[in-house]
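Visitor: To be precise about what I am sending: the file is called work.txt and holds compact mmCIF, C-alpha atoms.
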# COMPACT_ATOMS: atom_id res chain seq x y z
CA GLY F 83 -0.01 -3.74 20.63
CA ALA F 84 3.01 -2.63 22.60
CA VAL F 85 3.85 1.06 22.62
CA VAL F 86 7.23 2.68 22.25
CA SER F 87 7.46 6.39 22.94
CA GLN F 88 10.20 8.52 21.50
CA HIS F 89 10.93 12.08 22.60
CA PRO F 90 11.39 14.67 21.29
CA SER F 91 9.72 14.15 17.94
CA ARG F 92 11.49 17.18 16.50
CA VAL F 93 14.54 19.07 17.70
CA ILE F 94 16.54 21.89 16.22
CA CYS F 95 19.91 22.72 17.69
CA LYS F 96 22.97 24.78 16.97
CA SER F 97 26.16 23.20 15.71
CA GLY F 98 28.40 22.11 18.55
CA THR F 99 25.66 21.40 21.05
CA SER F 100 24.52 18.00 22.29
CA VAL F 101 21.07 16.56 21.92
CA LYS F 102 19.48 13.71 23.86
CA ILE F 103 16.71 11.53 22.44
CA GLU F 104 14.72 9.23 24.70
CA CYS F 105 13.12 5.93 23.83
CA ARG F 106 10.68 4.38 26.29
CA SER F 107 8.77 1.15 26.22
CA LEU F 108 5.50 2.12 27.87
CA ASP F 109 3.82 -1.18 28.61
CA PHE F 110 6.55 -3.78 28.50
CA GLN F 111 10.12 -4.28 29.58
CA ALA F 112 12.74 -4.26 26.89
CA THR F 113 16.14 -5.70 27.63
CA THR F 114 17.18 -4.82 24.11
CA MET F 115 16.54 -1.67 22.14
CA PHE F 116 17.87 -0.64 18.76
CA TRP F 117 18.70 2.74 17.33
CA TYR F 118 18.35 3.43 13.61
CA ARG F 119 19.12 6.37 11.41
CA GLN F 120 17.15 7.11 8.29
CA PHE F 121 18.15 9.48 5.53
CA PRO F 122 15.50 10.98 3.25
CA LYS F 123 13.82 8.39 1.05
CA GLN F 124 16.18 5.71 2.27
CA SER F 125 16.00 2.65 4.43
CA LEU F 126 16.76 2.36 8.11
CA MET F 127 20.41 1.97 9.00
CA LEU F 128 21.08 0.18 12.26
CA MET F 129 23.38 2.29 14.40
CA ALA F 130 23.62 0.31 17.60
CA THR F 131 22.09 -2.30 19.82
CA SER F 132 21.35 -1.14 23.33
CA ASN F 133 21.29 -3.71 26.12
CA GLU F 134 20.06 -2.87 29.58
CA GLY F 135 22.88 -2.76 32.07
CA SER F 136 25.70 -3.13 29.59
CA LYS F 137 27.51 -1.18 26.92
CA ALA F 138 25.86 -0.70 23.59
CA THR F 139 27.09 -2.57 20.56
CA TYR F 140 27.78 -0.25 17.67
CA GLU F 141 27.63 -1.10 14.00
CA GLN F 142 30.69 -0.66 11.89
CA GLY F 143 31.26 2.94 10.93
CA VAL F 144 29.19 4.42 13.75
CA GLU F 145 31.23 6.58 16.12
CA LYS F 146 30.45 5.52 19.67
CA ASP F 147 31.88 8.72 21.11
CA LYS F 148 29.64 10.72 18.82
CA PHE F 149 26.48 8.79 19.45
CA LEU F 150 26.31 7.94 23.14
CA ILE F 151 23.78 5.30 24.06
CA ASN F 152 22.65 4.55 27.58
CA HIS F 153 20.16 1.85 28.53
CA ALA F 154 19.68 2.66 32.17
CA SER F 155 16.53 0.69 32.81
CA LEU F 156 14.33 -1.94 31.24
CA THR F 157 12.07 0.75 29.83
CA LEU F 158 14.42 3.53 28.79
CA SER F 159 17.25 3.95 26.34
CA THR F 160 18.76 7.29 25.39
CA LEU F 161 20.75 8.40 22.38
CA THR F 162 22.89 11.50 22.82
CA VAL F 163 24.32 13.13 19.74
CA THR F 164 27.38 14.93 21.03
CA SER F 165 28.81 18.06 19.46
CA ALA F 166 26.24 17.89 16.72
CA HIS F 167 27.03 19.09 13.22
CA PRO F 168 24.78 19.66 10.23
CA GLU F 169 25.71 16.26 8.78
CA ASP F 170 24.14 14.67 11.86
CA SER F 171 20.77 16.01 10.77
CA SER F 172 18.59 12.99 10.21
CA PHE F 173 15.59 11.01 11.33
CA TYR F 174 16.43 8.77 14.25
CA ILE F 175 14.18 5.84 15.12
CA CYS F 176 14.35 3.51 18.08
CA SER F 177 12.81 0.10 18.49
CA ALA F 178 12.33 -2.13 21.47
CA LEU F 179 12.38 -5.91 21.52
CA THR F 180 9.75 -7.78 23.48
CA GLY F 181 10.57 -11.19 24.84
CA ALA F 182 13.90 -12.89 24.65
CA GLY F 183 16.09 -13.96 21.83
CA GLY F 184 15.08 -14.09 18.22
CA THR F 185 11.40 -14.80 18.69
CA GLY F 186 10.54 -11.48 20.29
CA GLU F 187 8.78 -8.79 18.35
CA LEU F 188 10.08 -5.32 17.57
CA PHE F 189 8.03 -2.22 18.14
CA PHE F 190 9.13 1.13 16.83
CA GLY F 191 9.01 4.63 18.16
CA GLU F 192 7.60 7.46 16.10
CA GLY F 193 11.04 8.79 15.31
CA SER F 194 12.91 11.99 16.12
CA ARG F 195 13.76 14.54 13.45
CA LEU F 196 17.06 16.23 14.30
CA THR F 197 18.05 19.40 12.48
CA VAL F 198 21.45 20.87 13.24
CA LEU F 199 21.92 24.46 12.12
CA ALA A 184 24.52 -12.71 7.00
CA GLN A 185 20.96 -11.71 6.32
CA SER A 186 19.75 -9.43 3.57
CA VAL A 187 16.57 -8.20 1.95
CA ALA A 188 15.97 -6.93 -1.56
CA GLN A 189 13.06 -4.78 -2.63
CA PRO A 190 13.60 -4.45 -6.37
CA GLU A 191 11.12 -1.63 -6.94
CA ASP A 192 11.72 1.91 -5.71
CA GLN A 193 8.13 2.81 -6.45
CA VAL A 194 4.90 1.03 -7.30
CA ASN A 195 2.00 2.88 -8.85
CA VAL A 196 -1.51 1.49 -8.80
CA ALA A 197 -5.00 2.85 -9.30
CA GLU A 198 -7.44 2.79 -6.42
CA GLY A 199 -9.48 -0.38 -6.40
CA ASN A 200 -6.87 -2.40 -8.27
CA PRO A 201 -4.81 -5.15 -6.65
CA LEU A 202 -1.32 -4.26 -5.54
CA THR A 203 1.89 -6.23 -5.05
CA VAL A 204 5.09 -5.01 -3.43
CA LYS A 205 7.97 -7.39 -4.00
CA CYS A 206 10.51 -8.67 -1.49
CA THR A 207 13.18 -11.34 -1.63
CA TYR A 208 15.47 -12.36 1.19
CA SER A 209 18.66 -14.20 1.94
CA VAL A 210 19.42 -15.95 5.21
CA SER A 211 21.56 -18.84 6.31
CA GLY A 212 18.96 -20.29 8.64
CA ASN A 213 15.22 -19.99 9.04
CA PRO A 214 13.79 -16.58 8.30
CA TYR A 215 11.37 -14.52 10.27
CA LEU A 216 9.88 -12.10 7.76
CA PHE A 217 8.11 -8.83 8.38
CA TRP A 218 6.40 -6.01 6.56
CA TYR A 219 6.24 -2.49 7.98
CA VAL A 220 4.66 0.68 6.65
CA GLN A 221 5.96 4.20 7.21
CA TYR A 222 4.03 7.41 6.72
CA PRO A 223 5.92 10.71 6.30
CA ASN A 224 7.88 11.75 9.38
CA ARG A 225 6.53 8.82 11.37
CA GLY A 226 7.96 5.63 12.78
CA LEU A 227 7.32 2.19 11.39
CA GLN A 228 4.01 0.45 11.82
CA PHE A 229 3.87 -3.31 11.87
CA LEU A 230 1.72 -4.88 9.14
CA LEU A 231 2.35 -8.60 9.33
CA LYS A 232 4.91 -11.29 9.93
CA TYR A 233 5.73 -14.84 8.94
CA ILE A 234 7.41 -17.18 11.38
CA THR A 235 6.07 -20.65 10.66
CA GLY A 236 2.88 -22.27 9.47
CA ASP A 237 0.62 -21.21 6.66
CA ASN A 238 2.53 -19.58 3.85
CA LEU A 239 -0.21 -16.98 3.36
CA VAL A 240 -0.14 -14.47 6.16
CA LYS A 241 -2.90 -11.95 6.74
CA GLY A 242 -2.16 -8.68 8.44
CA SER A 243 -3.43 -5.22 9.21
CA TYR A 244 -5.50 -3.00 6.89
CA GLY A 245 -6.35 -5.85 4.53
CA PHE A 246 -2.76 -6.62 3.57
CA GLU A 247 -1.44 -10.12 3.15
CA ALA A 248 1.86 -11.68 2.17
CA GLU A 249 2.87 -15.02 0.77
CA PHE A 250 5.99 -16.80 1.91
CA ASN A 251 7.65 -18.76 -0.88
CA LYS A 252 10.63 -20.71 0.36
CA SER A 253 11.79 -21.96 -3.03
CA GLN A 254 11.84 -18.45 -4.46
CA THR A 255 12.96 -16.89 -1.16
CA SER A 256 10.24 -14.31 -1.57
CA PHE A 257 7.72 -12.63 0.70
CA HIS A 258 5.64 -10.35 -1.52
CA LEU A 259 3.10 -8.01 0.04
CA LYS A 260 -0.35 -7.96 -1.54
CA LYS A 261 -3.73 -6.33 -1.22
CA PRO A 262 -6.76 -7.20 -3.36
CA SER A 263 -8.05 -3.63 -3.63
CA ALA A 264 -5.82 -0.62 -3.06
CA LEU A 265 -6.90 2.55 -1.28
CA VAL A 266 -5.49 6.04 -1.72
CA SER A 267 -4.72 5.97 1.99
CA ASP A 268 -2.39 3.00 1.41
CA SER A 269 0.10 5.38 -0.21
CA ALA A 270 3.19 5.18 1.95
CA LEU A 271 6.68 3.71 2.19
CA TYR A 272 6.78 -0.04 2.73
CA PHE A 273 9.66 -1.97 4.20
CA CYS A 274 10.30 -5.68 4.11
CA ALA A 275 12.55 -7.02 6.87
CA VAL A 276 14.13 -10.31 7.84
CA ARG A 277 15.57 -11.78 10.97
CA ASP A 278 17.75 -14.87 10.69
CA ILE A 279 16.93 -16.83 13.80
CA GLY A 280 19.37 -19.57 12.99
CA ALA A 281 22.23 -17.11 12.98
CA GLY A 282 21.20 -15.74 16.34
CA TYR A 283 20.15 -12.32 15.14
CA SER A 284 17.73 -10.39 17.30
CA THR A 285 17.59 -7.32 15.11
CA LEU A 286 16.00 -6.88 11.73
CA THR A 287 17.64 -6.18 8.42
CA PHE A 288 15.49 -3.93 6.26
CA GLY A 289 15.09 -3.63 2.55
CA LYS A 290 15.57 -0.21 1.00
CA GLY A 291 11.85 0.40 0.95
CA THR A 292 9.25 0.71 -1.79
CA MET A 293 7.10 3.78 -2.18
CA LEU A 294 3.52 2.83 -2.97
CA LEU A 295 1.46 5.48 -4.73
CA VAL A 296 -2.25 4.81 -5.14
CA SER A 297 -4.00 7.19 -7.49
CA PRO A 298 -7.70 8.05 -7.18
What does the file become when written as structure tokens?
Guide:
Amino acid sequence: GAVVSQHPSRVICKSGTSVKIECRSLDFQATTMFWYRQFPKQSLMLMATSNEGSKATYEQGVEKDKFLINHASLTLSTLTVTSAHPEDSSFYICSALTGAGGTGELFFGEGSRLTVL
Amino acid sequence: AQSVAQPEDQVNVAEGNPLTVKCTYSVSGNPYLFWYVQYPNRGLQFLLKYITGDNLVKGSYGFEAEFNKSQTSFHLKKPSALVSDSALYFCAVRDIGAGYSTLTFGKGTMLLVSP
């Protein structure tokens, strides 16, 4: 099946610094990627929809200035957590949509564990 | 709106016994239904999906799921559980009729298979 690579898998940073997480579709082009956040033992919460060449669409309650999303190419979307604080510590997962519209299939990255000290 | 309910936080089953993980959904249009499995500190792995056709869908690792439109359910099943099946399972729905391209996930069900 299709492969989505997420990097880094784990990152530890100091409070106040910014962290960038990359999501790449390795063997297909993804016009749409999604970023999720997952708290321990909880479900995935959709943060934003990333569309290549346009601004991301953020879900209600997600600060767009805090979580910067850039979808610069058909194979790469990045999530930058700006001025990170301990409450931003979480597991972040991206997914990429193959095909167009609602019939495409979603493939997920392996996730990135962010720990803010 | 689209939503998914997984009524059980945890399911316990002995190895070799059949297992069922429950899922019900709500959509305004036609549902695309999915099951994913997540191992600790890992992303989601696709198990199976229902779009149209046969209501019984077979997927990876011996799992299957049955789509029941009248009960709006899509329960995950396996005839004989393995200890290695222990993981977190997510049911998800996409409402094609409403134009959604993303998935809405259930809260997840932890499956524990004892030796």
Visitor: Counting all atoms listed in the file, find residues at most 10 Å from (4.5, 2.3, -0.9) (file frame) and give them as a ChimeraX atom specification.
Guide: /A:191-196,202-204,220-222,268-273,291-296
Visitor: Go ahead and dump the residues you just picked, C-alpha atoms, as a compact mmCIF listing (two decimals), keeping the file's coordinate frame.
Guide:
# COMPACT_ATOMS: atom_id res chain seq x y z
CA GLU A 191 11.12 -1.63 -6.94
CA ASP A 192 11.72 1.91 -5.71
CA GLN A 193 8.13 2.81 -6.45
CA VAL A 194 4.90 1.03 -7.30
CA ASN A 195 2.00 2.88 -8.85
CA VAL A 196 -1.51 1.49 -8.80
CA LEU A 202 -1.32 -4.26 -5.54
CA THR A 203 1.89 -6.23 -5.05
CA VAL A 204 5.09 -5.01 -3.43
CA VAL A 220 4.66 0.68 6.65
CA GLN A 221 5.96 4.20 7.21
CA TYR A 222 4.03 7.41 6.72
CA ASP A 268 -2.39 3.00 1.41
CA SER A 269 0.10 5.38 -0.21
CA ALA A 270 3.19 5.18 1.95
CA LEU A 271 6.68 3.71 2.19
CA TYR A 272 6.78 -0.04 2.73
CA PHE A 273 9.66 -1.97 4.20
CA GLY A 291 11.85 0.40 0.95
CA THR A 292 9.25 0.71 -1.79
CA MET A 293 7.10 3.78 -2.18
CA LEU A 294 3.52 2.83 -2.97
CA LEU A 295 1.46 5.48 -4.73
CA VAL A 296 -2.25 4.81 -5.14
Visitor: For Leu161 in chain F, work out the shell of residues within 10 Å, counting only C-alpha atoms and skipping chain neighbours fewer than 4 positions away, then give it as a ChimeraX atom specification.
Guide: /F:101-105,117,130,132,148-153,174,176
Visitor: From the set F:Asp170, F:Glu134, F:Glu145, F:Val86, which residue has the shortest atom-to-atom contact distance to chain A, counting all atoms listed in the file?
Guide: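 Comparing F:Asp170, F:Glu134, F:Glu145, F:Val86 against chain A, the winner is F:Val86.
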Visitor: Would you give me, as a ChimeraX atom specification, the residues of chain F that come within 9 Å of chain A, using all atoms listed in the file?
Guide: /F:114,116,123-128,131,173,175-176,179,182-186,188-195
Visitor: Restricted to C-alpha atoms, what would the selected residues look like written as a short mmCIF file (atom, residue, chain, number, x, y, z; two decimals), in the frame of the given file?
Guide:
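Okay, this is what ended up in result_21.cif:
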data_model
loop_
_atom_site.label_atom_id
_atom_site.label_comp_id
_atom_site.auth_asym_id
_atom_site.auth_seq_id
_atom_site.Cartn_x
_atom_site.Cartn_y
_atom_site.Cartn_z
CA THR F 114 17.18 -4.82 24.11
CA PHE F 116 17.87 -0.64 18.76
CA LYS F 123 13.82 8.39 1.05
CA GLN F 124 16.18 5.71 2.27
CA SER F 125 16.00 2.65 4.43
CA LEU F 126 16.76 2.36 8.11
CA MET F 127 20.41 1.97 9.00
CA LEU F 128 21.08 0.18 12.26
CA THR F 131 22.09 -2.30 19.82
CA PHE F 173 15.59 11.01 11.33
CA ILE F 175 14.18 5.84 15.12
CA CYS F 176 14.35 3.51 18.08
CA LEU F 179 12.38 -5.91 21.52
CA ALA F 182 13.90 -12.89 24.65
CA GLY F 183 16.09 -13.96 21.83
CA GLY F 184 15.08 -14.09 18.22
CA THR F 185 11.40 -14.80 18.69
CA GLY F 186 10.54 -11.48 20.29
CA LEU F 188 10.08 -5.32 17.57
CA PHE F 189 8.03 -2.22 18.14
CA PHE F 190 9.13 1.13 16.83
CA GLY F 191 9.01 4.63 18.16
CA GLU F 192 7.60 7.46 16.10
CA GLY F 193 11.04 8.79 15.31
CA SER F 194 12.91 11.99 16.12
CA ARG F 195 13.76 14.54 13.45
#
Visitor: Rank nothing, just name the residue among F:Val163, F:Leu196, F:Ala154, F:Val93 nearest to Ala138 in chain F, using all atoms listed in the file.
Guide: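 Nearest candidate to Ala138 in chain F out of F:Val163, F:Leu196, F:Ala154, F:Val93: F:Ala154.
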Visitor: Go ahead and compute the interatomic distance for CA of Ala84 in chain F and CA of Glu141 in chain F, in Å to one decimal.
Guide: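 Calculated distance between CA of Ala84 in chain F and CA of Glu141 in chain F is 26.1 Å.
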Visitor: Considering all atoms listed in the file, can you say which of F:Ser155, F:Thr162, F:Thr197, F:Ser172 comes closest to Gln111 in chain F?
Guide: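 Of all the options, F:Ser155 lies closest to Gln111 in chain F.
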Visitor: Measure the distance from CA of Lys146 in chain F to CA of Ser107 in chain F in Å and round it to one decimal.
Guide: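 Taking CA of Lys146 in chain F as the start and CA of Ser107 in chain F as the end point, the length is 23.1 Å.
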Visitor: Calculated over only C-alpha atoms, which of the candidates F:Ile94, F:Val144, F:Val85, F:Met115 has the smallest distance to Thr160 in chain F?
Guide: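 Smallest separation from Thr160 in chain F among the options: F:Met115.
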Visitor: Kindly give the distance, in Å, that separates CA of Ser186 in chain A and CA of Ser256 in chain A, rounded to a single decimal.
Guide: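 Between these atoms lies a distance of 11.9 Å.
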Visitor: From the structure just shown, export range 153-165 of chain F with N, CA, C and O atoms as a tab-separated table (two decimals), in the first residue's frame.
Guide:
chain	number	residue	atom	x	y	z
F	153	HIS	N	1.74	23.34	2.99
F	153	HIS	CA	1.66	22.21	2.06
F	153	HIS	C	2.29	22.68	0.76
F	153	HIS	O	1.61	23.04	-0.19
F	154	ALA	N	3.62	22.65	0.77
F	154	ALA	CA	4.38	23.29	-0.31
F	154	ALA	C	4.40	22.50	-1.60
F	154	ALA	O	4.59	23.06	-2.68
F	155	SER	N	4.22	21.21	-1.50
F	155	SER	CA	4.26	20.39	-2.71
F	155	SER	C	3.25	19.27	-2.59
F	155	SER	O	2.62	19.11	-1.55
F	156	LEU	N	3.12	18.50	-3.65
F	156	LEU	CA	2.13	17.42	-3.65
F	156	LEU	C	2.56	16.23	-2.80
F	156	LEU	O	1.81	15.28	-2.66
F	157	THR	N	3.78	16.29	-2.26
F	157	THR	CA	4.25	15.18	-1.44
F	157	THR	C	4.70	15.60	-0.05
F	157	THR	O	5.18	14.77	0.72
F	158	LEU	N	4.54	16.85	0.30
F	158	LEU	CA	5.06	17.31	1.59
F	158	LEU	C	4.14	18.33	2.25
F	158	LEU	O	3.75	19.33	1.65
F	159	SER	N	3.81	18.04	3.49
F	159	SER	CA	3.12	19.00	4.34
F	159	SER	C	3.89	19.09	5.64
F	159	SER	O	4.41	18.09	6.13
F	160	THR	N	3.99	20.30	6.19
F	160	THR	CA	4.69	20.47	7.45
F	160	THR	C	3.79	21.13	8.49
F	160	THR	O	2.96	21.98	8.15
F	161	LEU	N	3.98	20.69	9.72
F	161	LEU	CA	3.29	21.28	10.86
F	161	LEU	C	4.35	21.88	11.76
F	161	LEU	O	5.26	21.17	12.19
F	162	THR	N	4.27	23.16	12.03
F	162	THR	CA	5.21	23.82	12.92
F	162	THR	C	4.47	24.27	14.17
F	162	THR	O	3.52	25.05	14.08
F	163	VAL	N	4.91	23.74	15.29
F	163	VAL	CA	4.35	24.16	16.57
F	163	VAL	C	5.20	25.33	17.05
F	163	VAL	O	6.39	25.15	17.37
F	164	THR	N	4.63	26.50	17.06
F	164	THR	CA	5.39	27.70	17.40
F	164	THR	C	5.32	28.00	18.89
F	164	THR	O	4.30	27.75	19.54
F	165	SER	N	6.44	28.48	19.42
F	165	SER	CA	6.51	28.83	20.84
F	165	SER	C	5.84	27.74	21.69
F	165	SER	O	4.86	27.97	22.40
